[in-house]
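Pasting entry29.csv here (CSV, N, CA and C atoms):
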chain,number,residue,atom,x,y,z
A,1282,MET,N,-33.0,21.2,-7.1
A,1282,MET,CA,-31.7,21.6,-7.0
A,1282,MET,C,-31.4,22.4,-5.7
A,1283,SER,N,-32.4,22.5,-4.9
A,1283,SER,CA,-32.3,23.3,-3.7
A,1283,SER,C,-31.4,22.7,-2.6
A,1284,GLU,N,-31.1,21.4,-2.8
A,1284,GLU,CA,-30.2,20.7,-1.8
A,1284,GLU,C,-28.7,21.0,-2.1
A,1285,LEU,N,-28.4,21.7,-3.2
A,1285,LEU,CA,-27.0,22.0,-3.5
A,1285,LEU,C,-26.7,23.4,-3.0
A,1286,ALA,N,-25.4,23.5,-2.5
A,1286,ALA,CA,-24.9,24.8,-2.1
A,1286,ALA,C,-24.2,25.3,-3.3
A,1287,LEU,N,-24.8,26.3,-4.0
A,1287,LEU,CA,-24.2,26.8,-5.3
A,1287,LEU,C,-24.1,28.3,-5.3
A,1288,HIS,N,-23.2,28.8,-6.0
A,1288,HIS,CA,-23.1,30.2,-6.2
A,1288,HIS,C,-24.3,30.7,-7.0
A,1289,LYS,N,-24.8,31.9,-6.8
A,1289,LYS,CA,-26.0,32.4,-7.5
A,1289,LYS,C,-25.9,32.2,-9.0
A,1290,GLN,N,-24.8,32.6,-9.6
A,1290,GLN,CA,-24.6,32.6,-11.0
A,1290,GLN,C,-24.7,31.1,-11.5
A,1291,THR,N,-24.1,30.2,-10.8
A,1291,THR,CA,-24.1,28.8,-11.1
A,1291,THR,C,-25.5,28.2,-11.1
A,1292,ARG,N,-26.2,28.6,-10.0
A,1292,ARG,CA,-27.6,28.1,-9.9
A,1292,ARG,C,-28.5,28.6,-11.1
A,1293,GLU,N,-28.3,29.9,-11.4
A,1293,GLU,CA,-29.0,30.5,-12.6
A,1293,GLU,C,-28.7,29.7,-13.9
A,1294,GLY,N,-27.4,29.4,-14.0
A,1294,GLY,CA,-27.0,28.6,-15.2
A,1294,GLY,C,-27.6,27.3,-15.3
A,1295,LEU,N,-27.7,26.6,-14.2
A,1295,LEU,CA,-28.4,25.3,-14.1
A,1295,LEU,C,-29.8,25.4,-14.4
A,1296,HIS,N,-30.5,26.4,-13.9
A,1296,HIS,CA,-31.9,26.6,-14.2
A,1296,HIS,C,-32.1,26.8,-15.7
A,1297,GLU,N,-31.2,27.5,-16.3
A,1297,GLU,CA,-31.2,27.7,-17.8
A,1297,GLU,C,-31.1,26.4,-18.5
A,1298,VAL,N,-30.2,25.5,-18.0
A,1298,VAL,CA,-30.0,24.2,-18.7
A,1298,VAL,C,-31.3,23.4,-18.6
A,1299,VAL,N,-31.9,23.4,-17.4
A,1299,VAL,CA,-33.2,22.7,-17.3
A,1299,VAL,C,-34.3,23.2,-18.1
A,1300,ALA,N,-34.3,24.6,-18.2
A,1300,ALA,CA,-35.4,25.2,-19.0
A,1300,ALA,C,-35.2,25.0,-20.5
A,1301,HIS,N,-33.9,25.0,-21.0
A,1301,HIS,CA,-33.5,24.8,-22.4
A,1301,HIS,C,-32.4,23.8,-22.5
A,1302,PRO,N,-32.7,22.5,-22.3
A,1302,PRO,CA,-31.7,21.5,-22.3
A,1302,PRO,C,-30.9,21.3,-23.6
A,1303,PRO,N,-29.6,21.2,-23.6
A,1303,PRO,CA,-28.8,20.9,-24.8
A,1303,PRO,C,-29.0,19.4,-25.1
A,1304,HIS,N,-28.4,19.0,-26.3
A,1304,HIS,CA,-28.5,17.6,-26.6
A,1304,HIS,C,-27.5,16.8,-25.8
A,1305,ALA,N,-26.5,17.4,-25.3
A,1305,ALA,CA,-25.5,16.7,-24.5
A,1305,ALA,C,-24.9,17.8,-23.5
A,1306,LEU,N,-24.4,17.3,-22.4
A,1306,LEU,CA,-23.8,18.1,-21.4
A,1306,LEU,C,-22.5,17.5,-20.9
A,1307,LEU,N,-21.4,18.2,-20.8
A,1307,LEU,CA,-20.1,17.6,-20.4
A,1307,LEU,C,-19.8,18.3,-19.0
A,1308,LEU,N,-19.7,17.6,-18.0
A,1308,LEU,CA,-19.3,18.1,-16.7
A,1308,LEU,C,-17.8,17.7,-16.4
A,1309,VAL,N,-17.0,18.8,-16.2
A,1309,VAL,CA,-15.6,18.5,-16.0
A,1309,VAL,C,-15.2,19.2,-14.7
A,1310,GLY,N,-14.3,18.5,-14.0
A,1310,GLY,CA,-13.8,19.0,-12.7
A,1310,GLY,C,-13.0,18.0,-12.0
A,1311,ALA,N,-12.4,18.4,-10.9
A,1311,ALA,CA,-11.6,17.6,-10.1
A,1311,ALA,C,-12.4,16.4,-9.5
A,1312,GLY,N,-11.7,15.3,-9.2
A,1312,GLY,CA,-12.4,14.2,-8.6
A,1312,GLY,C,-12.9,14.6,-7.2
A,1313,GLY,N,-14.1,14.2,-6.9
A,1313,GLY,CA,-14.7,14.6,-5.6
A,1313,GLY,C,-15.3,15.9,-5.6
A,1314,SER,N,-15.4,16.6,-6.7
A,1314,SER,CA,-16.0,17.9,-6.7
A,1314,SER,C,-17.5,17.9,-6.8
A,1315,GLY,N,-18.2,16.8,-7.0
A,1315,GLY,CA,-19.6,16.7,-7.0
A,1315,GLY,C,-20.2,16.6,-8.4
A,1316,LYS,N,-19.4,16.2,-9.4
A,1316,LYS,CA,-20.0,16.1,-10.7
A,1316,LYS,C,-21.1,15.1,-10.8
A,1317,MET,N,-20.9,13.9,-10.2
A,1317,MET,CA,-21.9,12.9,-10.3
A,1317,MET,C,-23.2,13.3,-9.6
A,1318,SER,N,-23.1,13.9,-8.5
A,1318,SER,CA,-24.2,14.4,-7.8
A,1318,SER,C,-25.0,15.5,-8.6
A,1319,LEU,N,-24.2,16.4,-9.2
A,1319,LEU,CA,-24.9,17.4,-10.0
A,1319,LEU,C,-25.5,16.7,-11.3
A,1320,ALA,N,-24.8,15.8,-11.9
A,1320,ALA,CA,-25.4,15.1,-13.0
A,1320,ALA,C,-26.7,14.4,-12.7
A,1321,ALA,N,-26.7,13.7,-11.5
A,1321,ALA,CA,-27.9,13.0,-11.1
A,1321,ALA,C,-29.1,14.0,-10.8
A,1322,ILE,N,-28.8,15.1,-10.2
A,1322,ILE,CA,-29.8,16.1,-9.9
A,1322,ILE,C,-30.4,16.7,-11.2
A,1323,LEU,N,-29.5,17.1,-12.1
A,1323,LEU,CA,-29.9,17.6,-13.4
A,1323,LEU,C,-30.7,16.6,-14.2
A,1324,ALA,N,-30.3,15.4,-14.3
A,1324,ALA,CA,-31.0,14.4,-15.0
A,1324,ALA,C,-32.4,14.2,-14.4
A,1325,ALA,N,-32.4,14.2,-13.0
A,1325,ALA,CA,-33.7,14.0,-12.3
A,1325,ALA,C,-34.7,15.1,-12.7
A,1326,GLU,N,-34.2,16.3,-12.7
A,1326,GLU,CA,-35.0,17.5,-13.1
A,1326,GLU,C,-35.5,17.4,-14.5
A,1327,LEU,N,-34.6,17.0,-15.4
A,1327,LEU,CA,-35.0,16.9,-16.8
A,1327,LEU,C,-35.9,15.7,-17.1
A,1328,LEU,N,-35.8,14.6,-16.4
A,1328,LEU,CA,-36.6,13.4,-16.6
A,1328,LEU,C,-37.7,13.3,-15.7
A,1329,ASP,N,-37.9,14.2,-14.8
A,1329,ASP,CA,-38.9,14.2,-13.8
A,1329,ASP,C,-38.9,12.9,-13.0
A,1330,ALA,N,-37.7,12.6,-12.4
A,1330,ALA,CA,-37.5,11.4,-11.7
A,1330,ALA,C,-36.8,11.7,-10.4
A,1331,GLY,N,-36.7,10.8,-9.5
A,1331,GLY,CA,-35.9,11.0,-8.3
A,1331,GLY,C,-34.4,10.8,-8.5
A,1332,PRO,N,-33.6,11.7,-7.9
A,1332,PRO,CA,-32.1,11.6,-8.1
A,1332,PRO,C,-31.5,10.2,-7.8
A,1333,ALA,N,-32.1,9.5,-6.8
A,1333,ALA,CA,-31.6,8.2,-6.4
A,1333,ALA,C,-31.7,7.2,-7.5
A,1334,LYS,N,-32.8,7.3,-8.3
A,1334,LYS,CA,-33.1,6.3,-9.3
A,1334,LYS,C,-32.7,6.7,-10.8
A,1335,VAL,N,-32.4,7.9,-11.0
A,1335,VAL,CA,-32.2,8.4,-12.3
A,1335,VAL,C,-31.0,7.8,-13.0
A,1336,LEU,N,-29.9,7.5,-12.3
A,1336,LEU,CA,-28.8,7.0,-12.9
A,1336,LEU,C,-29.0,5.5,-13.4
A,1337,GLU,N,-30.0,4.9,-13.0
A,1337,GLU,CA,-30.4,3.5,-13.4
A,1337,GLU,C,-31.3,3.5,-14.7
A,1338,MET,N,-31.7,4.7,-15.1
A,1338,MET,CA,-32.7,4.8,-16.2
A,1338,MET,C,-32.0,4.6,-17.5
A,1339,PRO,N,-32.6,3.9,-18.5
A,1339,PRO,CA,-32.0,3.6,-19.8
A,1339,PRO,C,-31.7,4.9,-20.6
A,1340,ALA,N,-32.4,6.0,-20.3
A,1340,ALA,CA,-32.1,7.2,-21.0
A,1340,ALA,C,-30.9,8.0,-20.5
A,1341,VAL,N,-30.3,7.5,-19.4
A,1341,VAL,CA,-29.1,8.2,-18.9
A,1341,VAL,C,-27.9,7.4,-19.1
A,1342,LYS,N,-26.9,8.0,-19.7
A,1342,LYS,CA,-25.6,7.3,-20.0
A,1342,LYS,C,-24.5,8.1,-19.3
A,1343,VAL,N,-23.8,7.5,-18.4
A,1343,VAL,CA,-22.7,8.1,-17.6
A,1343,VAL,C,-21.4,7.6,-18.3
A,1344,ILE,N,-20.6,8.6,-18.7
A,1344,ILE,CA,-19.3,8.2,-19.2
A,1344,ILE,C,-18.2,8.9,-18.3
A,1345,SER,N,-17.4,8.0,-17.8
A,1345,SER,CA,-16.4,8.5,-16.8
A,1345,SER,C,-15.0,8.2,-17.3
A,1346,ALA,N,-14.1,9.1,-17.2
A,1346,ALA,CA,-12.7,8.9,-17.6
A,1346,ALA,C,-11.8,9.2,-16.4
A,1347,THR,N,-10.9,8.3,-16.1
A,1347,THR,CA,-10.0,8.5,-15.0
A,1347,THR,C,-8.6,8.5,-15.6
A,1348,LYS,N,-7.7,9.2,-14.9
A,1348,LYS,CA,-6.3,9.2,-15.4
A,1348,LYS,C,-5.4,8.3,-14.6
Go ahead and render the structure in this file as structure tokens.
Amino acid sequence: MSELALHKQTREGLHEVVAHPPHALLLVGAGGSGKMSLAAILAAELLDAGPAKVLEMPAVKVISATK
């Protein structure tokens, strides 16, 4: 997660998610705010895979809603 520019509190929260992962995680925010990048990086950390390939893994399900 070192490639992300994050507030210290946010970075600590993400490390907590990786250390104690929930059964599901909902990322909400404005379009273009980096949710997909964050999801890929978190999934890569949790699954011990590269962020570029993690979204293709069968264990990863991306649900996207647009208005």
Provide the atom C of Leu1319 in chain A to atom C of Val1299 in chain A distance in Å, to one decimal place.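 Going from atom C of Leu1319 in chain A over to atom C of Val1299 in chain A covers 12.9 Å.
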Could you state the separation of atom C of Pro1339 in chain A and CA of Gly1313 in chain A in Å, given to one decimal place? 24.7 Å
What are the centre and edge lengths in Å, to one decimal, of the axis-aligned box around all listed atoms of range 1312-1320 of chain A with 5 Å added on each side, as lines of an AutoDock Vina configuration file?
center_x = -19.2
center_y = 15.4
center_z = -9.3
size_x = 25.0
size_y = 15.0
size_z = 17.4
Around (-26.2, 10.3, -20.4), as given in the file, which residues come within 9 Å? Count only C-alpha atoms and list them as a PyMOL selection string. chain A and resi 1305-1306+1320+1324+1336+1339-1344
May I ask which of the residues A:Val1335, A:Arg1292, A:Gly1310, A:Glu1297 is the closest one to Ile1322 in chain A, counting all atoms listed in the file? A:Val1335
Long-range neighbours of His1301 in chain A as an MDAnalysis selection string, 12 Å cut-off, only C-alpha atoms, 6 positions minimum in chain: chainID A and resid 1294:1295 1326:1327
To one decimal in Å, tell me the separation between CA of Ala1300 in chain A and CA of Ala1330 in chain A.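 Distance reported for this atom pair: 15.8 Å.
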Among the residues of chain A, find those DSSP assigns to alpha helix (DSSP H) from the backbone and print them as a list in words.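 Taking chain A and keeping alpha helix (DSSP H) gives Lys1289, Gln1290, Thr1291, Arg1292, Glu1293, Gly1294, Leu1295, His1296, Glu1297, Val1298, Val1299, Ala1300, Lys1316, Met1317, Ser1318, Leu1319, Ala1320, Ala1321, Ile1322, Leu1323, Ala1324, Ala1325, Glu1326, Leu1327, Leu1328, Pro1332, Ala1333, Lys1334 and Val1335 of chain A.
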Return the single residue from A:Ala1321, A:Gly1315, A:Val1298, A:Leu1308 that is closest to Ala1333 in chain A, with distances computed using only N, CA and C atoms.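 Closest to Ala1333 in chain A of all the choices is A:Ala1321.
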